[in-house]
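This report concerns only the one structure given below.
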Amino acid sequence: MFTNTRGASSFTYITGNVSCTIIGLTNESVVQSYDFLTNNTEELVFKNASIDELDLTEPLGKATPWKLLISDSNVTRIIFPACMSPSVVHLLNVGVDDVRFEENTNLQDFRVDYASLQVISATVSKLSALDILWVTHSMLANFSFDILENSSISLLYLVANQIETVTISPGMNCCQHLEEVFLSDNKLKTFDLATIAFMRKLKTLFVENNGLMDVYTHLLDGQNPSSELWHME
């Protein structure tokens, strides 16, 4: 393990055989060069960052990790570039307002746990290989399936947020590969089953611990739901 600290107000980076952890990144310690990263870096970690915008274009242009972890940080905006290689991105205990993606064919698993995120960016629709969308113990208040139009995800896990409404625009055709939806431990009072009626591969919907008072199906004239059977808990 190698440690290098640059100046009293700068960041520290720790490199291992296949990992690199960048600690304490701030607005005052913007990295001019990520030359310490190599193609041998399989896991890239940002920890204890406090910065307005974390643009990952430069570091993910230098290294090709399969996993990216951002933890214990406060970042107003995170920008993920099109060129990035990680198949797994995990935000853990992060204060963040905005997460933005560009067109990408590598990212398969995007997870957010214990964050201040209030909205899932519509730019997730640009992740053509995304299989798992996971946001828990965060501040999501509403969720629209519209952001998943043409998405390939099979697992949507939105447990323990603040979600009060789940919607989809009339006529929207999305989530044709979605198999499981987890909405447990939110604040749903009503749920329209028409929201998920045309997701032909959906097998399971979990909505326990929501205080649901009304579950109904409101289909427009001429609409016929998927013939697939699914189980709600």
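Letters for chains follow the order of the structure tokens (A, B, ...), residue numbers begin at 1 for each chain, and ligand numbers begin at 1 in the order shown.
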Would you tabulate, counting only C-alpha atoms, all residues of stretch 119-217 of chain A that have an atom at most 8 Å from an atom of stretch 87-100 of chain A, showing the closest pair of atoms and their distance in Å to one decimal, sorted by chain then ascending number, as JSON lines?
{"residue": "A:Val119", "atom": "CA", "partner": "A:Asp98", "partner_atom": "CA", "distance": 7.7}
{"residue": "A:Ile120", "atom": "CA", "partner": "A:Val99", "partner_atom": "CA", "distance": 7.6}
{"residue": "A:Ser121", "atom": "CA", "partner": "A:Val99", "partner_atom": "CA", "distance": 6.2}
{"residue": "A:Thr123", "atom": "CA", "partner": "A:Arg100", "partner_atom": "CA", "distance": 6.0}
{"residue": "A:Val124", "atom": "CA", "partner": "A:Arg100", "partner_atom": "CA", "distance": 7.7}
6 Å contact set for stretch 52-61 of chain A, only C-alpha atoms, chain neighbours under 2 positions out, as number ranges by chain: A: 34, 63, 75-81, 84
Dump N, CA, C and O atoms for the selected residues as an mmCIF file, in the first residue's frame?
data_model
loop_
_atom_site.group_PDB
_atom_site.id
_atom_site.type_symbol
_atom_site.label_atom_id
_atom_site.label_comp_id
_atom_site.auth_asym_id
_atom_site.auth_seq_id
_atom_site.Cartn_x
_atom_site.Cartn_y
_atom_site.Cartn_z
ATOM 1 N N TYR A 34 -4.732 12.836 -12.766
ATOM 2 C CA TYR A 34 -4.932 11.549 -12.103
ATOM 3 C C TYR A 34 -3.906 10.536 -12.605
ATOM 4 O O TYR A 34 -4.204 9.364 -12.779
ATOM 5 N N ALA A 63 -8.242 5.388 -15.752
ATOM 6 C CA ALA A 63 -8.337 4.023 -15.241
ATOM 7 C C ALA A 63 -9.601 3.353 -15.762
ATOM 8 O O ALA A 63 -10.550 4.023 -16.179
ATOM 9 N N VAL A 75 -21.430 15.813 -1.888
ATOM 10 C CA VAL A 75 -21.167 16.223 -3.262
ATOM 11 C C VAL A 75 -22.476 16.742 -3.858
ATOM 12 O O VAL A 75 -23.472 16.024 -3.904
ATOM 13 N N THR A 76 -22.502 17.973 -4.302
ATOM 14 C CA THR A 76 -23.737 18.533 -4.847
ATOM 15 C C THR A 76 -24.143 17.814 -6.129
ATOM 16 O O THR A 76 -25.306 17.431 -6.310
ATOM 17 N N ARG A 77 -23.178 17.590 -7.015
ATOM 18 C CA ARG A 77 -23.471 16.974 -8.313
ATOM 19 C C ARG A 77 -22.375 15.971 -8.667
ATOM 20 O O ARG A 77 -21.194 16.242 -8.479
ATOM 21 N N ILE A 78 -22.794 14.819 -9.183
ATOM 22 C CA ILE A 78 -21.842 13.818 -9.674
ATOM 23 C C ILE A 78 -22.108 13.608 -11.155
ATOM 24 O O ILE A 78 -23.249 13.369 -11.562
ATOM 25 N N ILE A 79 -21.060 13.709 -11.950
ATOM 26 C CA ILE A 79 -21.185 13.533 -13.394
ATOM 27 C C ILE A 79 -20.439 12.272 -13.819
ATOM 28 O O ILE A 79 -19.230 12.143 -13.596
ATOM 29 N N PHE A 80 -21.185 11.353 -14.413
ATOM 30 C CA PHE A 80 -20.606 10.109 -14.914
ATOM 31 C C PHE A 80 -20.453 10.214 -16.431
ATOM 32 O O PHE A 80 -21.442 10.429 -17.131
ATOM 33 N N PRO A 81 -19.250 10.039 -16.953
ATOM 34 C CA PRO A 81 -19.012 10.222 -18.389
ATOM 35 C C PRO A 81 -19.414 8.997 -19.207
ATOM 36 O O PRO A 81 -19.548 7.891 -18.693
ATOM 37 N N MET A 84 -16.922 5.784 -19.237
ATOM 38 C CA MET A 84 -16.554 5.049 -18.031
ATOM 39 C C MET A 84 -16.728 3.538 -18.198
ATOM 40 O O MET A 84 -17.625 3.059 -18.893
#
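By chain and then residue number, the residues within 12 Å of A:Glu180 are A:Asp131, A:Ile132, A:Leu133, A:Trp134, A:Ile153, A:Ser154, A:Leu155, A:Leu156, A:Tyr157, A:Leu158, A:Cys175, A:Ile196, A:Met199, A:Arg200, A:Lys201, A:Leu202, A:Lys203, A:Thr204, A:Leu205, A:Phe206, A:Val207, A:Trp230, A:His231, A:Met232, A:Glu233, counting only C-alpha atoms and disregarding those fewer than 5 positions away in sequence.
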Spatial neighbours of A:Thr195, max dist 12 Å, only C-alpha atoms, sep filter under 5 positions, as a ChimeraX atom specification: /A:143-146,165-175,181,190,202,205,215-220,225-226
With N, CA and C atoms kept, could you save the residues just selected as a PDB file, in the first residue's frame?
ATOM      1  N   PHE A 143     -41.787   8.587  -7.538  1.00  0.00           N
ATOM      2  CA  PHE A 143     -41.073   7.835  -8.563  1.00  0.00           C
ATOM      3  C   PHE A 143     -41.968   7.677  -9.783  1.00  0.00           C
ATOM      4  N   SER A 144     -41.403   7.972 -10.948  1.00  0.00           N
ATOM      5  CA  SER A 144     -42.121   7.790 -12.208  1.00  0.00           C
ATOM      6  C   SER A 144     -41.401   6.762 -13.056  1.00  0.00           C
ATOM      7  N   PHE A 145     -42.144   5.762 -13.520  1.00  0.00           N
ATOM      8  CA  PHE A 145     -41.571   4.757 -14.401  1.00  0.00           C
ATOM      9  C   PHE A 145     -41.172   5.346 -15.758  1.00  0.00           C
ATOM     10  N   ASP A 146     -41.598   6.559 -16.025  1.00  0.00           N
ATOM     11  CA  ASP A 146     -41.263   7.201 -17.303  1.00  0.00           C
ATOM     12  C   ASP A 146     -39.755   7.263 -17.528  1.00  0.00           C
ATOM     13  N   THR A 165     -45.865   8.619  -4.043  1.00  0.00           N
ATOM     14  CA  THR A 165     -46.579   8.321  -5.286  1.00  0.00           C
ATOM     15  C   THR A 165     -45.674   7.582  -6.262  1.00  0.00           C
ATOM     16  N   VAL A 166     -46.280   6.641  -7.005  1.00  0.00           N
ATOM     17  CA  VAL A 166     -45.604   5.925  -8.082  1.00  0.00           C
ATOM     18  C   VAL A 166     -46.486   6.075  -9.310  1.00  0.00           C
ATOM     19  N   THR A 167     -45.928   6.598 -10.393  1.00  0.00           N
ATOM     20  CA  THR A 167     -46.753   6.927 -11.556  1.00  0.00           C
ATOM     21  C   THR A 167     -46.116   6.431 -12.848  1.00  0.00           C
ATOM     22  N   ILE A 168     -46.935   6.457 -13.902  1.00  0.00           N
ATOM     23  CA  ILE A 168     -46.465   6.218 -15.261  1.00  0.00           C
ATOM     24  C   ILE A 168     -47.394   6.979 -16.198  1.00  0.00           C
ATOM     25  N   SER A 169     -46.861   7.567 -17.249  1.00  0.00           N
ATOM     26  CA  SER A 169     -47.682   8.321 -18.184  1.00  0.00           C
ATOM     27  C   SER A 169     -48.580   7.380 -18.988  1.00  0.00           C
ATOM     28  N   PRO A 170     -49.801   7.798 -19.305  1.00  0.00           N
ATOM     29  CA  PRO A 170     -50.703   6.961 -20.117  1.00  0.00           C
ATOM     30  C   PRO A 170     -50.056   6.572 -21.442  1.00  0.00           C
ATOM     31  N   GLY A 171     -50.134   5.293 -21.762  1.00  0.00           N
ATOM     32  CA  GLY A 171     -49.578   4.810 -23.016  1.00  0.00           C
ATOM     33  C   GLY A 171     -48.091   4.538 -22.998  1.00  0.00           C
ATOM     34  N   MET A 172     -47.434   4.822 -21.879  1.00  0.00           N
ATOM     35  CA  MET A 172     -45.995   4.593 -21.783  1.00  0.00           C
ATOM     36  C   MET A 172     -45.695   3.101 -21.795  1.00  0.00           C
ATOM     37  N   ASN A 173     -44.776   2.699 -22.652  1.00  0.00           N
ATOM     38  CA  ASN A 173     -44.358   1.301 -22.751  1.00  0.00           C
ATOM     39  C   ASN A 173     -42.932   1.198 -22.234  1.00  0.00           C
ATOM     40  N   CYS A 174     -42.766   0.633 -21.044  1.00  0.00           N
ATOM     41  CA  CYS A 174     -41.432   0.583 -20.464  1.00  0.00           C
ATOM     42  C   CYS A 174     -41.259  -0.676 -19.626  1.00  0.00           C
ATOM     43  N   CYS A 175     -40.025  -0.891 -19.188  1.00  0.00           N
ATOM     44  CA  CYS A 175     -39.707  -1.956 -18.232  1.00  0.00           C
ATOM     45  C   CYS A 175     -40.143  -3.337 -18.709  1.00  0.00           C
ATOM     46  N   VAL A 181     -40.047  -5.678  -8.325  1.00  0.00           N
ATOM     47  CA  VAL A 181     -40.116  -4.298  -7.848  1.00  0.00           C
ATOM     48  C   VAL A 181     -40.272  -4.324  -6.335  1.00  0.00           C
ATOM     49  N   THR A 190     -51.889   4.931  -1.538  1.00  0.00           N
ATOM     50  CA  THR A 190     -52.680   4.320  -2.607  1.00  0.00           C
ATOM     51  C   THR A 190     -51.727   3.769  -3.663  1.00  0.00           C
ATOM     52  N   LEU A 202     -42.909  -8.919 -15.292  1.00  0.00           N
ATOM     53  CA  LEU A 202     -42.964  -8.665 -13.853  1.00  0.00           C
ATOM     54  C   LEU A 202     -43.590  -9.835 -13.105  1.00  0.00           C
ATOM     55  N   LEU A 205     -44.125  -7.904  -6.802  1.00  0.00           N
ATOM     56  CA  LEU A 205     -44.178  -6.523  -6.320  1.00  0.00           C
ATOM     57  C   LEU A 205     -44.273  -6.554  -4.800  1.00  0.00           C
ATOM     58  N   VAL A 215     -55.827   0.020  -3.020  1.00  0.00           N
ATOM     59  CA  VAL A 215     -55.134  -0.564  -4.163  1.00  0.00           C
ATOM     60  C   VAL A 215     -56.177  -0.774  -5.252  1.00  0.00           C
ATOM     61  N   TYR A 216     -55.973  -0.195  -6.415  1.00  0.00           N
ATOM     62  CA  TYR A 216     -56.992  -0.228  -7.457  1.00  0.00           C
ATOM     63  C   TYR A 216     -56.329  -0.363  -8.816  1.00  0.00           C
ATOM     64  N   THR A 217     -57.139  -0.567  -9.851  1.00  0.00           N
ATOM     65  CA  THR A 217     -56.642  -0.655 -11.224  1.00  0.00           C
ATOM     66  C   THR A 217     -57.452   0.279 -12.101  1.00  0.00           C
ATOM     67  N   HIS A 218     -56.783   1.286 -12.656  1.00  0.00           N
ATOM     68  CA  HIS A 218     -57.453   2.261 -13.509  1.00  0.00           C
ATOM     69  C   HIS A 218     -56.870   2.168 -14.907  1.00  0.00           C
ATOM     70  N   LEU A 219     -57.503   1.362 -15.754  1.00  0.00           N
ATOM     71  CA  LEU A 219     -57.062   1.202 -17.136  1.00  0.00           C
ATOM     72  C   LEU A 219     -57.871   2.098 -18.054  1.00  0.00           C
ATOM     73  N   LEU A 220     -57.220   2.639 -19.066  1.00  0.00           N
ATOM     74  CA  LEU A 220     -57.933   3.433 -20.058  1.00  0.00           C
ATOM     75  C   LEU A 220     -58.728   2.513 -20.972  1.00  0.00           C
ATOM     76  N   PRO A 225     -54.182  -5.456 -20.001  1.00  0.00           N
ATOM     77  CA  PRO A 225     -52.936  -5.690 -19.272  1.00  0.00           C
ATOM     78  C   PRO A 225     -52.244  -6.958 -19.721  1.00  0.00           C
ATOM     79  N   SER A 226     -50.974  -7.072 -19.346  1.00  0.00           N
ATOM     80  CA  SER A 226     -50.175  -8.257 -19.659  1.00  0.00           C
ATOM     81  C   SER A 226     -50.840  -9.491 -19.070  1.00  0.00           C
TER      82      SER A 226
END
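Interatomic distance, atom CA of A:Phe101 to atom CA of A:Thr21: 22.1 Å.
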Secondary structure check, strand (DSSP E or B) residues of stretch 30-139 of chain A, as an mmCIF file with N, CA, C and O atoms, in the first residue's frame:
data_model
loop_
_atom_site.group_PDB
_atom_site.id
_atom_site.type_symbol
_atom_site.label_atom_id
_atom_site.label_comp_id
_atom_site.auth_asym_id
_atom_site.auth_seq_id
_atom_site.Cartn_x
_atom_site.Cartn_y
_atom_site.Cartn_z
ATOM 1 N N GLU A 43 -10.796 -1.272 -8.653
ATOM 2 C CA GLU A 43 -11.784 -0.608 -7.802
ATOM 3 C C GLU A 43 -11.291 0.789 -7.472
ATOM 4 O O GLU A 43 -10.199 0.973 -6.946
ATOM 5 N N LEU A 44 -12.118 1.781 -7.790
ATOM 6 C CA LEU A 44 -11.797 3.177 -7.509
ATOM 7 C C LEU A 44 -12.759 3.697 -6.461
ATOM 8 O O LEU A 44 -13.978 3.577 -6.610
ATOM 9 N N VAL A 45 -12.194 4.265 -5.381
ATOM 10 C CA VAL A 45 -12.998 4.718 -4.245
ATOM 11 C C VAL A 45 -12.737 6.196 -3.979
ATOM 12 O O VAL A 45 -11.580 6.625 -3.911
ATOM 13 N N PHE A 46 -13.806 6.972 -3.844
ATOM 14 C CA PHE A 46 -13.724 8.342 -3.352
ATOM 15 C C PHE A 46 -14.349 8.354 -1.967
ATOM 16 O O PHE A 46 -15.509 7.958 -1.800
ATOM 17 N N LYS A 47 -13.594 8.826 -0.975
ATOM 18 C CA LYS A 47 -14.065 8.813 0.409
ATOM 19 C C LYS A 47 -13.838 10.166 1.055
ATOM 20 O O LYS A 47 -12.826 10.834 0.812
ATOM 21 N N SER A 50 -15.729 16.459 -0.108
ATOM 22 C CA SER A 50 -16.649 17.569 0.138
ATOM 23 C C SER A 50 -16.425 18.573 -0.983
ATOM 24 O O SER A 50 -15.528 19.417 -0.925
ATOM 25 N N ILE A 51 -17.259 18.476 -2.018
ATOM 26 C CA ILE A 51 -16.999 19.208 -3.249
ATOM 27 C C ILE A 51 -18.318 19.494 -3.963
ATOM 28 O O ILE A 51 -19.263 18.713 -3.868
ATOM 29 N N ASP A 52 -18.399 20.619 -4.638
ATOM 30 C CA ASP A 52 -19.634 20.993 -5.315
ATOM 31 C C ASP A 52 -19.939 20.040 -6.470
ATOM 32 O O ASP A 52 -21.065 19.559 -6.607
ATOM 33 N N GLU A 53 -18.933 19.787 -7.302
ATOM 34 C CA GLU A 53 -19.150 18.933 -8.471
ATOM 35 C C GLU A 53 -18.018 17.922 -8.590
ATOM 36 O O GLU A 53 -16.848 18.294 -8.667
ATOM 37 N N LEU A 54 -18.394 16.664 -8.596
ATOM 38 C CA LEU A 54 -17.420 15.594 -8.807
ATOM 39 C C LEU A 54 -17.603 15.088 -10.231
ATOM 40 O O LEU A 54 -18.509 14.314 -10.525
ATOM 41 N N ASP A 55 -16.741 15.579 -11.117
ATOM 42 C CA ASP A 55 -16.780 15.181 -12.522
ATOM 43 C C ASP A 55 -15.797 14.021 -12.697
ATOM 44 O O ASP A 55 -14.583 14.186 -12.540
ATOM 45 N N LYS A 67 -15.441 -1.434 -10.644
ATOM 46 C CA LYS A 67 -16.319 -0.931 -9.583
ATOM 47 C C LYS A 67 -15.883 0.464 -9.157
ATOM 48 O O LYS A 67 -14.700 0.754 -9.024
ATOM 49 N N LEU A 68 -16.896 1.325 -8.921
ATOM 50 C CA LEU A 68 -16.664 2.669 -8.421
ATOM 51 C C LEU A 68 -17.508 2.870 -7.169
ATOM 52 O O LEU A 68 -18.716 2.644 -7.192
ATOM 53 N N LEU A 69 -16.847 3.276 -6.074
ATOM 54 C CA LEU A 69 -17.532 3.516 -4.804
ATOM 55 C C LEU A 69 -17.278 4.947 -4.363
ATOM 56 O O LEU A 69 -16.133 5.398 -4.329
ATOM 57 N N ILE A 70 -18.351 5.656 -4.017
ATOM 58 C CA ILE A 70 -18.250 6.989 -3.418
ATOM 59 C C ILE A 70 -18.923 6.902 -2.062
ATOM 60 O O ILE A 70 -20.114 6.579 -1.974
ATOM 61 N N SER A 71 -18.168 7.169 -0.979
ATOM 62 C CA SER A 71 -18.725 6.959 0.351
ATOM 63 C C SER A 71 -18.397 8.112 1.298
ATOM 64 O O SER A 71 -17.399 8.825 1.123
ATOM 65 N N ASP A 72 -19.276 8.291 2.277
ATOM 66 C CA ASP A 72 -19.059 9.241 3.379
ATOM 67 C C ASP A 72 -18.657 10.619 2.851
ATOM 68 O O ASP A 72 -17.676 11.217 3.318
ATOM 69 N N SER A 73 -19.421 11.110 1.892
ATOM 70 C CA SER A 73 -19.053 12.346 1.216
ATOM 71 C C SER A 73 -20.249 13.277 1.070
ATOM 72 O O SER A 73 -21.409 12.858 1.199
ATOM 73 N N ASN A 74 -19.945 14.542 0.790
ATOM 74 C CA ASN A 74 -20.956 15.539 0.461
ATOM 75 C C ASN A 74 -20.605 16.136 -0.899
ATOM 76 O O ASN A 74 -19.595 16.838 -1.039
ATOM 77 N N VAL A 75 -21.430 15.813 -1.888
ATOM 78 C CA VAL A 75 -21.167 16.223 -3.262
ATOM 79 C C VAL A 75 -22.476 16.742 -3.858
ATOM 80 O O VAL A 75 -23.472 16.024 -3.904
ATOM 81 N N THR A 76 -22.502 17.973 -4.302
ATOM 82 C CA THR A 76 -23.737 18.533 -4.847
ATOM 83 C C THR A 76 -24.143 17.814 -6.129
ATOM 84 O O THR A 76 -25.306 17.431 -6.310
ATOM 85 N N ARG A 77 -23.178 17.590 -7.015
ATOM 86 C CA ARG A 77 -23.471 16.974 -8.313
ATOM 87 C C ARG A 77 -22.375 15.971 -8.667
ATOM 88 O O ARG A 77 -21.194 16.242 -8.479
ATOM 89 N N ILE A 78 -22.794 14.819 -9.183
ATOM 90 C CA ILE A 78 -21.842 13.818 -9.674
ATOM 91 C C ILE A 78 -22.108 13.608 -11.155
ATOM 92 O O ILE A 78 -23.249 13.369 -11.562
ATOM 93 N N ILE A 79 -21.060 13.709 -11.950
ATOM 94 C CA ILE A 79 -21.185 13.533 -13.394
ATOM 95 C C ILE A 79 -20.439 12.272 -13.819
ATOM 96 O O ILE A 79 -19.230 12.143 -13.596
ATOM 97 N N PHE A 80 -21.185 11.353 -14.413
ATOM 98 C CA PHE A 80 -20.606 10.109 -14.914
ATOM 99 C C PHE A 80 -20.453 10.214 -16.431
ATOM 100 O O PHE A 80 -21.442 10.429 -17.131
ATOM 101 N N VAL A 88 -20.321 -1.630 -11.954
ATOM 102 C CA VAL A 88 -20.982 -1.414 -10.671
ATOM 103 C C VAL A 88 -20.604 -0.034 -10.142
ATOM 104 O O VAL A 88 -19.420 0.300 -10.059
ATOM 105 N N VAL A 89 -21.603 0.765 -9.784
ATOM 106 C CA VAL A 89 -21.394 2.059 -9.125
ATOM 107 C C VAL A 89 -22.214 2.064 -7.844
ATOM 108 O O VAL A 89 -23.403 1.740 -7.859
ATOM 109 N N HIS A 90 -21.571 2.441 -6.725
ATOM 110 C CA HIS A 90 -22.248 2.426 -5.434
ATOM 111 C C HIS A 90 -21.993 3.754 -4.719
ATOM 112 O O HIS A 90 -20.848 4.149 -4.511
ATOM 113 N N LEU A 91 -23.057 4.454 -4.355
ATOM 114 C CA LEU A 91 -22.981 5.653 -3.521
ATOM 115 C C LEU A 91 -23.458 5.262 -2.129
ATOM 116 O O LEU A 91 -24.600 4.818 -1.961
ATOM 117 N N LEU A 92 -22.609 5.430 -1.128
ATOM 118 C CA LEU A 92 -22.912 4.993 0.231
ATOM 119 C C LEU A 92 -22.694 6.133 1.215
ATOM 120 O O LEU A 92 -21.590 6.661 1.338
ATOM 121 N N ASN A 93 -23.764 6.506 1.902
ATOM 122 C CA ASN A 93 -23.697 7.584 2.888
ATOM 123 C C ASN A 93 -23.164 8.868 2.250
ATOM 124 O O ASN A 93 -22.142 9.416 2.661
ATOM 125 N N VAL A 94 -23.904 9.303 1.240
ATOM 126 C CA VAL A 94 -23.475 10.463 0.452
ATOM 127 C C VAL A 94 -24.570 11.525 0.434
ATOM 128 O O VAL A 94 -25.737 11.223 0.173
ATOM 129 N N GLY A 95 -24.180 12.751 0.720
ATOM 130 C CA GLY A 95 -25.072 13.875 0.509
ATOM 131 C C GLY A 95 -24.935 14.330 -0.928
ATOM 132 O O GLY A 95 -23.875 14.822 -1.321
ATOM 133 N N VAL A 96 -25.985 14.138 -1.726
ATOM 134 C CA VAL A 96 -25.902 14.467 -3.153
ATOM 135 C C VAL A 96 -27.265 14.936 -3.654
ATOM 136 O O VAL A 96 -28.305 14.391 -3.263
ATOM 137 N N ASP A 97 -27.266 15.958 -4.494
ATOM 138 C CA ASP A 97 -28.507 16.505 -5.038
ATOM 139 C C ASP A 97 -28.798 16.001 -6.450
ATOM 140 O O ASP A 97 -29.948 15.819 -6.827
ATOM 141 N N ASP A 98 -27.742 15.788 -7.231
ATOM 142 C CA ASP A 98 -27.937 15.503 -8.652
ATOM 143 C C ASP A 98 -26.900 14.495 -9.127
ATOM 144 O O ASP A 98 -25.710 14.619 -8.838
ATOM 145 N N VAL A 99 -27.374 13.496 -9.845
ATOM 146 C CA VAL A 99 -26.500 12.488 -10.446
ATOM 147 C C VAL A 99 -26.823 12.444 -11.927
ATOM 148 O O VAL A 99 -27.975 12.228 -12.311
ATOM 149 N N ARG A 100 -25.805 12.615 -12.772
ATOM 150 C CA ARG A 100 -26.039 12.693 -14.218
ATOM 151 C C ARG A 100 -25.203 11.666 -14.969
ATOM 152 O O ARG A 100 -24.014 11.494 -14.692
ATOM 153 N N PHE A 101 -25.846 11.008 -15.931
ATOM 154 C CA PHE A 101 -25.173 10.011 -16.749
ATOM 155 C C PHE A 101 -25.175 10.437 -18.213
ATOM 156 O O PHE A 101 -26.071 11.135 -18.667
ATOM 157 N N ASN A 104 -24.061 5.119 -22.023
ATOM 158 C CA ASN A 104 -23.076 4.164 -21.534
ATOM 159 C C ASN A 104 -23.579 2.746 -21.733
ATOM 160 O O ASN A 104 -24.761 2.461 -21.534
ATOM 161 N N ASP A 109 -25.118 -2.120 -12.713
ATOM 162 C CA ASP A 109 -25.623 -2.131 -11.343
ATOM 163 C C ASP A 109 -25.348 -0.773 -10.704
ATOM 164 O O ASP A 109 -24.197 -0.434 -10.439
ATOM 165 N N PHE A 110 -26.407 0.027 -10.478
ATOM 166 C CA PHE A 110 -26.268 1.342 -9.851
ATOM 167 C C PHE A 110 -26.990 1.318 -8.513
ATOM 168 O O PHE A 110 -28.197 1.077 -8.457
ATOM 169 N N ARG A 111 -26.237 1.562 -7.433
ATOM 170 C CA ARG A 111 -26.801 1.477 -6.084
ATOM 171 C C ARG A 111 -26.526 2.751 -5.295
ATOM 172 O O ARG A 111 -25.436 3.314 -5.353
ATOM 173 N N VAL A 112 -27.557 3.153 -4.531
ATOM 174 C CA VAL A 112 -27.450 4.299 -3.635
ATOM 175 C C VAL A 112 -28.032 3.886 -2.297
ATOM 176 O O VAL A 112 -29.191 3.464 -2.215
ATOM 177 N N ASP A 113 -27.236 3.979 -1.230
ATOM 178 C CA ASP A 113 -27.698 3.644 0.120
ATOM 179 C C ASP A 113 -27.367 4.792 1.063
ATOM 180 O O ASP A 113 -26.245 5.298 1.074
ATOM 181 N N TYR A 114 -28.355 5.192 1.854
ATOM 182 C CA TYR A 114 -28.162 6.233 2.869
ATOM 183 C C TYR A 114 -27.623 7.514 2.230
ATOM 184 O O TYR A 114 -26.487 7.947 2.484
ATOM 185 N N ALA A 115 -28.446 8.110 1.397
ATOM 186 C CA ALA A 115 -28.052 9.335 0.702
ATOM 187 C C ALA A 115 -29.166 10.368 0.810
ATOM 188 O O ALA A 115 -30.290 10.061 1.215
ATOM 189 N N LEU A 127 -28.453 4.534 -19.805
ATOM 190 C CA LEU A 127 -27.644 3.376 -19.418
ATOM 191 C C LEU A 127 -28.250 2.133 -20.051
ATOM 192 O O LEU A 127 -29.091 1.455 -19.466
ATOM 193 N N ILE A 132 -29.755 -3.458 -12.657
ATOM 194 C CA ILE A 132 -30.214 -3.232 -11.282
ATOM 195 C C ILE A 132 -30.194 -1.741 -10.981
ATOM 196 O O ILE A 132 -29.163 -1.082 -11.122
ATOM 197 N N LEU A 133 -31.349 -1.209 -10.561
ATOM 198 C CA LEU A 133 -31.444 0.159 -10.061
ATOM 199 C C LEU A 133 -31.884 0.071 -8.610
ATOM 200 O O LEU A 133 -32.988 -0.386 -8.318
ATOM 201 N N TRP A 134 -31.025 0.516 -7.718
ATOM 202 C CA TRP A 134 -31.182 0.269 -6.278
ATOM 203 C C TRP A 134 -30.980 1.571 -5.524
ATOM 204 O O TRP A 134 -29.895 2.146 -5.561
ATOM 205 N N VAL A 135 -32.016 2.076 -4.857
ATOM 206 C CA VAL A 135 -31.904 3.281 -4.024
ATOM 207 C C VAL A 135 -32.637 3.028 -2.725
ATOM 208 O O VAL A 135 -33.858 2.819 -2.713
ATOM 209 N N THR A 136 -31.904 3.017 -1.605
ATOM 210 C CA THR A 136 -32.526 2.755 -0.304
ATOM 211 C C THR A 136 -32.114 3.807 0.721
ATOM 212 O O THR A 136 -31.085 4.462 0.588
#
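Straight-line separation from atom CA of A:Ala129 to atom CA of A:Ala141: 26.0 Å.
Distance check against A:Asn48 using only C-alpha atoms: of A:Asn161, A:Thr12, A:Asn209, A:Asn17, the minimum falls on A:Thr12.
Counting from atom CA of A:Leu107, the distance to atom CA of A:Pro86 is 5.8 Å.
Every protein, DNA or RNA residue with an atom at most 7 Å from A:Ala160, where only C-alpha atoms count and chain neighbours fewer than 5 positions away do not, is listed here: Thr136, His137, Ser184, Asp185 and Asn186 of chain A.
Distances here use only C-alpha atoms; by that measure, the residue among A:Ser116, A:Ser85, A:Ser128, A:Asn210 closest to A:Glu103 is A:Ser128.
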